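This report refers to the structure that appears directly beneath it.
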Amino acid sequence: MYYVRHPYLPPPYYRNIQNTYNYFPRQYSSVDPTLFTKSASEMQTLMSDASIILGRLSQSKQFASQVMTAAQQSDQAKVNALLKSTGIQSIVQAEYNPDRLLLKLSSAVYEVDCCILTISLRWRN
């Protein structure tokens, strides 16, 4: 049995060093880790702010009750004000439904949205 290569198919593959099959050698561009390291630094700030919010929610039943009440009443401004009152520096967006509270903390580096930390907390079975 004979096989004829179709003229529009890529050339036969070759084995590379990692013993995987490639059709064409990859060309990588040079890397600049500046934005990447700044993003990592900003994510540490977001995680610190998340720790502040979670600490306040877990240690103060009164604060947790205020957040839940405002969320159940769909008072977005009050929920945002309560979360900002914890002293966080990040931008926080709160979404809620009868089962959970979803917090999205975000930050920007060089006017580019770089980091988003999402926290989901349940308050009903």
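Letters A, B, ... mark the chains of the structure tokens in the order given; residue numbers begin at 1 per chain; ligand numbers begin at 1, in order shown.
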Please identify the alpha helix (DSSP H) residues within region 29-82 of chain A (assignment by DSSP from backbone atoms) and present them as a ChimeraX atom specification. /A:34-59,61-72,76-82
Pick the closest to Ile119 (chain A) from A:Ser29, A:Gln76, A:Ser39, A:Ser106: which is it, counting only C-alpha atoms?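 Smallest separation from Ile119 (chain A) among the options: A:Ser106.
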7 Å contact set for Val79 (chain A), only C-alpha atoms, chain neighbours under 4 positions out, as a VMD selection string: chain A and resid 67 70 to 71 75 83
Next, dump the selected residues to file, keeping only N, CA and C atoms, as a PDB file, in the first residue's frame.
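Everything below was put into result-v8.pdb:
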ATOM      1  N   VAL A  67     -24.172  43.434  56.604  1.00  0.00           N
ATOM      2  CA  VAL A  67     -23.916  43.175  55.188  1.00  0.00           C
ATOM      3  C   VAL A  67     -25.033  42.310  54.606  1.00  0.00           C
ATOM      4  N   ALA A  70     -28.335  44.377  54.281  1.00  0.00           N
ATOM      5  CA  ALA A  70     -28.270  45.318  53.161  1.00  0.00           C
ATOM      6  C   ALA A  70     -28.350  44.581  51.824  1.00  0.00           C
ATOM      7  N   ALA A  71     -27.710  43.431  51.734  1.00  0.00           N
ATOM      8  CA  ALA A  71     -27.745  42.652  50.496  1.00  0.00           C
ATOM      9  C   ALA A  71     -29.147  42.116  50.224  1.00  0.00           C
ATOM     10  N   ASP A  75     -29.644  46.829  48.699  1.00  0.00           N
ATOM     11  CA  ASP A  75     -29.083  48.163  48.914  1.00  0.00           C
ATOM     12  C   ASP A  75     -27.586  48.118  48.576  1.00  0.00           C
ATOM     13  N   LEU A  83     -18.393  47.467  53.111  1.00  0.00           N
ATOM     14  CA  LEU A  83     -17.143  46.811  52.748  1.00  0.00           C
ATOM     15  C   LEU A  83     -15.982  47.800  52.736  1.00  0.00           C
TER      16      LEU A  83
END
Would you list the contacts of Arg124 (chain A) as a ChimeraX atom specification, taking every protein, DNA or RNA residue within 12 Å and counting only C-alpha atoms, but skipping same-chain residues closer than 3 positions in sequence? /A:68,96-101,121
Would you pick out the contacts of Ile88 (chain A) at 10 Å or less, using only C-alpha atoms, so that residues sharing its chain but fewer than 3 positions from it are not included, and give the list as a ChimeraX atom specification? /A:45-46,48-53,83-85,91-92,105
In Å, how far is it from CA of Ala40 (chain A) to CA of Asn80 (chain A)?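 Pair CA of Ala40 (chain A) / CA of Asn80 (chain A) returns 25.2 Å.
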Give me, as a PyMOL selection string, all polymer residues having an atom no more than 6 Å from Lys104 (chain A), counting only C-alpha atoms and skipping those fewer than 2 positions away in the same chain. chain A and resi 92-93+117-118
Same residues, all heavy atoms, saved as a compact mmCIF listing (two decimals), in the first residue's frame:
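Saved file result-v9.txt follows:
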# COMPACT_ATOMS: atom_id res chain seq x y z
N VAL A 92 -13.80 47.22 45.10
CA VAL A 92 -14.56 46.01 45.39
C VAL A 92 -15.94 46.11 44.77
O VAL A 92 -16.59 47.14 44.83
CB VAL A 92 -14.65 45.74 46.92
CG1 VAL A 92 -15.40 46.82 47.63
CG2 VAL A 92 -15.28 44.40 47.20
N GLN A 93 -16.36 45.02 44.11
CA GLN A 93 -17.71 44.91 43.58
C GLN A 93 -18.38 43.75 44.30
O GLN A 93 -17.81 42.66 44.39
CB GLN A 93 -17.70 44.61 42.08
CG GLN A 93 -17.18 45.74 41.23
CD GLN A 93 -17.14 45.34 39.77
OE1 GLN A 93 -16.75 44.23 39.44
NE2 GLN A 93 -17.53 46.25 38.91
N LEU A 117 -9.44 39.35 42.09
CA LEU A 117 -9.54 38.30 43.09
C LEU A 117 -11.02 38.13 43.41
O LEU A 117 -11.69 39.09 43.80
CB LEU A 117 -8.75 38.67 44.35
CG LEU A 117 -8.78 37.68 45.50
CD1 LEU A 117 -8.15 36.36 45.08
CD2 LEU A 117 -8.08 38.25 46.70
N THR A 118 -11.54 36.93 43.21
CA THR A 118 -12.96 36.66 43.42
C THR A 118 -13.13 35.79 44.66
O THR A 118 -12.45 34.78 44.81
CB THR A 118 -13.56 35.95 42.20
OG1 THR A 118 -13.32 36.74 41.04
CG2 THR A 118 -15.05 35.73 42.37
For CA of Ser74 (chain A) and CA of Ser107 (chain A), determine how far apart the two atoms are, in Å to one decimal place.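 These atoms are spaced 25.0 Å apart.
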Tyr110 (chain A) surroundings by only C-alpha atoms, 12 Å radius, close-in-sequence under 4 positions cut, as a list in words: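 Residues meeting the cut-off are Thr34, Leu35, Phe36, Lys38, Ser39, Glu42, Cys114 and Cys115 of chain A.
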Hey, can you spit out that residue selection with N, CA and C atoms as a CSV table (one decimal), in the first residue's frame?
chain,number,residue,atom,x,y,z
A,34,THR,N,8.2,43.2,33.6
A,34,THR,CA,7.8,44.4,34.4
A,34,THR,C,6.3,44.3,34.8
A,35,LEU,N,5.4,44.2,33.9
A,35,LEU,CA,4.0,44.2,34.2
A,35,LEU,C,3.6,42.9,35.0
A,36,PHE,N,4.3,41.8,34.7
A,36,PHE,CA,4.0,40.6,35.4
A,36,PHE,C,4.4,40.7,36.9
A,38,LYS,N,4.6,43.6,38.6
A,38,LYS,CA,3.7,44.6,39.2
A,38,LYS,C,2.4,44.0,39.5
A,39,SER,N,1.9,43.1,38.6
A,39,SER,CA,0.6,42.4,38.8
A,39,SER,C,0.7,41.5,40.0
A,42,GLU,N,0.5,43.7,43.0
A,42,GLU,CA,-0.9,44.2,43.2
A,42,GLU,C,-1.8,43.1,43.7
A,114,CYS,N,-5.3,44.5,35.7
A,114,CYS,CA,-4.3,43.4,35.7
A,114,CYS,C,-4.8,42.3,36.6
A,115,CYS,N,-5.5,42.6,37.7
A,115,CYS,CA,-5.7,41.6,38.7
A,115,CYS,C,-7.1,41.6,39.2
At what distance in Å, to one decimal, does CA of Leu82 (chain A) lie from CA of Ser58 (chain A)? 14.4 Å
